[in-house]
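Below: one structure, written as structure tokens.
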Amino acid sequence: LTSPELLHCHSAGVAETQCLRPEEIYSQAIENAGGVPYQLMFGSEIGSGWFTNVGYGIKYLFGVRPVEFTEKHYLTAIEKIVPLNDDIPSDPVEERIINRQLQNYQAEILLASSNGAKKWIKDTSVPIIDDASGKAIGVTGIFFDISAQKQMFIDLEIARDKAAESDRLKTAFLNNLSHEIRTPLNAIVGFTSLLEESVNSGENRSEFMDIITHS
């Protein structure tokens with residue numbers, strides 16, 4: 001049991017013992033944390049690769065079982081790529097990874113299913129290097145479903161925009177109110193001053209009072 005290839009074992013019977021390999025342990029830990037582990041082995045051309053060691057959560061993300069999941073299926077579902085590093089382009093990067101121009105990959109990806117439903121995932125991966133050629137022959141990585149987080153940010157943006165619009169309307173209302181109040185107040189102050197002048201006749205005073213009352 002001290003062998004690195006036998007990290008975890010349990011008895012399956014009197015004479016049989018089942019052991020989980022390290023990659024199985026890691027996969028279980030990743031899936032327990034909400035991720036979907038995978039390995040993508042590159043094919044002769046982009047889109048012809050195949051996935052191995054794919055977590056069961058892939059069925060929720062892409063609607064297919066792990067054994068049915070292919071690179072073509074993945075690329076077909078991509079609607080938008082948002083790189084999380086400056087050196088990552090906003091399109092598939094397999095060729096750059098093969099030529100060792102990209103050492104790690106992190107991107108948020110918008111997926112569109114055949115029925116029109118959309119989902120955001122985060123794709124993080126690192127190259128699998130062939131010792132003989134020195135080239136990357138695939139990647140190992142993790143998919144995370146970030147749809148809930150993206151929706152939360154969208155809701156926050158909407159709430160912020162609404163708050164900004166509300167503040168703009170409030171400012172406009174107060175500015176307009178100030179203008180609407182200033183005009184009658186000027187009349188009140190002006191004609192009150194005229195009332196204080198003794199030269200005004202009773203008829204003028206009555207007229208001034210009417211204006212003040214109206215204002």
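Chain labels run A, B, ... following the order of the structure tokens; each chain numbers its residues from 1, and ligands are numbered from 1 in the order shown.
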
Residues at most 8 Å from region 210-213 of chain A, counting only C-alpha atoms, excluding those fewer than 2 positions away in the same chain, as a ChimeraX atom specification?
/A:187-188,191-192,206-208,215

Could you give me, as a ChimeraX atom specification, each residue of region 38-195 of chain A that DSSP assigns to strand (DSSP E) when run on this structure's backbone?
/A:38-41,50-52,78-83,105-112,118-129,136-145

Rank A:Tyr38, A:Pro83, A:Lys162, A:Asp145 by their smallest atom-to-atom distance to Val126 (chain A), using only C-alpha atoms, and report the top residue only.
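Answer, going by the shortest atom-to-atom distance: A:Tyr38.
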
Excluding Ala117 (chain A) and any residue of its chain fewer than 2 positions from it, enumerate the residues within 12 Å of it, using only C-alpha atoms, and give them as an MDAnalysis selection string.
chainID A and resid 61:63 77 79 110:115 119:120 147

Just the selected residues (N, CA and C atoms), exported as a PDB file, in the first residue's frame, please.
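The resulting file, again.pdb, is shown below:
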ATOM      1  N   LEU A  61     -22.717  19.621 -18.183  1.00  0.00           N
ATOM      2  CA  LEU A  61     -22.208  20.782 -18.918  1.00  0.00           C
ATOM      3  C   LEU A  61     -22.537  20.715 -20.406  1.00  0.00           C
ATOM      4  N   PHE A  62     -22.382  19.522 -21.002  1.00  0.00           N
ATOM      5  CA  PHE A  62     -22.502  19.401 -22.455  1.00  0.00           C
ATOM      6  C   PHE A  62     -23.636  18.488 -22.907  1.00  0.00           C
ATOM      7  N   GLY A  63     -24.277  17.815 -21.965  1.00  0.00           N
ATOM      8  CA  GLY A  63     -25.402  16.961 -22.330  1.00  0.00           C
ATOM      9  C   GLY A  63     -25.012  15.632 -22.936  1.00  0.00           C
ATOM     10  N   ALA A  77     -19.659  23.642 -29.620  1.00  0.00           N
ATOM     11  CA  ALA A  77     -20.514  24.277 -28.611  1.00  0.00           C
ATOM     12  C   ALA A  77     -20.030  25.676 -28.227  1.00  0.00           C
ATOM     13  N   GLU A  79     -19.402  29.426 -28.253  1.00  0.00           N
ATOM     14  CA  GLU A  79     -19.941  30.617 -28.912  1.00  0.00           C
ATOM     15  C   GLU A  79     -19.052  31.830 -28.693  1.00  0.00           C
ATOM     16  N   LEU A 110     -18.428  30.832 -23.309  1.00  0.00           N
ATOM     17  CA  LEU A 110     -19.880  30.758 -23.433  1.00  0.00           C
ATOM     18  C   LEU A 110     -20.224  29.607 -24.365  1.00  0.00           C
ATOM     19  N   LEU A 111     -20.994  28.665 -23.835  1.00  0.00           N
ATOM     20  CA  LEU A 111     -21.410  27.500 -24.610  1.00  0.00           C
ATOM     21  C   LEU A 111     -22.850  27.666 -25.057  1.00  0.00           C
ATOM     22  N   ALA A 112     -23.143  27.227 -26.248  1.00  0.00           N
ATOM     23  CA  ALA A 112     -24.511  27.246 -26.764  1.00  0.00           C
ATOM     24  C   ALA A 112     -24.880  25.832 -27.190  1.00  0.00           C
ATOM     25  N   SER A 113     -25.931  25.285 -26.588  1.00  0.00           N
ATOM     26  CA  SER A 113     -26.362  23.933 -26.931  1.00  0.00           C
ATOM     27  C   SER A 113     -27.241  23.963 -28.175  1.00  0.00           C
ATOM     28  N   SER A 114     -27.546  22.796 -28.689  1.00  0.00           N
ATOM     29  CA  SER A 114     -28.348  22.696 -29.909  1.00  0.00           C
ATOM     30  C   SER A 114     -29.771  23.218 -29.723  1.00  0.00           C
ATOM     31  N   ASN A 115     -30.259  23.205 -28.471  1.00  0.00           N
ATOM     32  CA  ASN A 115     -31.620  23.704 -28.219  1.00  0.00           C
ATOM     33  C   ASN A 115     -31.655  25.189 -27.884  1.00  0.00           C
ATOM     34  N   LYS A 119     -24.649  28.519 -21.534  1.00  0.00           N
ATOM     35  CA  LYS A 119     -24.026  28.265 -20.246  1.00  0.00           C
ATOM     36  C   LYS A 119     -22.593  28.776 -20.285  1.00  0.00           C
ATOM     37  N   TRP A 120     -22.150  29.365 -19.169  1.00  0.00           N
ATOM     38  CA  TRP A 120     -20.770  29.834 -19.052  1.00  0.00           C
ATOM     39  C   TRP A 120     -19.949  28.812 -18.283  1.00  0.00           C
ATOM     40  N   SER A 147     -21.936  29.653 -14.562  1.00  0.00           N
ATOM     41  CA  SER A 147     -23.161  30.330 -15.015  1.00  0.00           C
ATOM     42  C   SER A 147     -23.787  31.160 -13.896  1.00  0.00           C
TER      43      SER A 147
END

Work out how far CA of Thr70 (chain A) is from CA of Ile46 (chain A), in Å to one decimal.
11.5 Å

Excluding same-chain residues fewer than 3 positions from Ile146 (chain A), what lies within 9 Å of it counting only C-alpha atoms, as JSON, numbers by chain?
{"A": [108, 119, 120, 121, 122, 149, 150, 151]}

Quick one: pick out all alpha helix (DSSP H) residues within region 10-209 of chain A from a backbone DSSP run and write them as number ranges by chain.
A: 22-32, 58-62, 71-77, 94-98, 147-195, 202-209

Neighbour list for Thr140 (chain A) as JSON, numbers by chain, cut-off 12 Å, only C-alpha atoms, skip fewer than 6 positions in-chain:
{"A": [23, 27, 36, 37, 38, 39, 40, 41, 42, 50, 51, 52, 53, 54, 97, 103, 104, 105, 123, 124, 125, 126, 127, 128, 129]}

Taking into account only C-alpha atoms, which residue in the set A:Phe153, A:Tyr26, A:Tyr74, A:Phe143 is nearest to Gly57 (chain A)?
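Selected residue with least distance to Gly57 (chain A): A:Phe143.
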
So what do you get for CA of Ala132 (chain A) versus CA of Arg100 (chain A), distance-wise?
14.2 Å

Find, counting only C-alpha atoms, the residue in A:Leu102, A:Ile109, A:Ala136, A:Leu75 that gets nearest to Ile88 (chain A).
A:Leu102

Taking into account only C-alpha atoms, which residue in the set A:Val82, A:Ile142, A:Glu45, A:Ala172 is nearest to Ile30 (chain A)?
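Of A:Val82, A:Ile142, A:Glu45, A:Ala172, the one nearest Ile30 (chain A), counting only C-alpha atoms, is A:Ile142.
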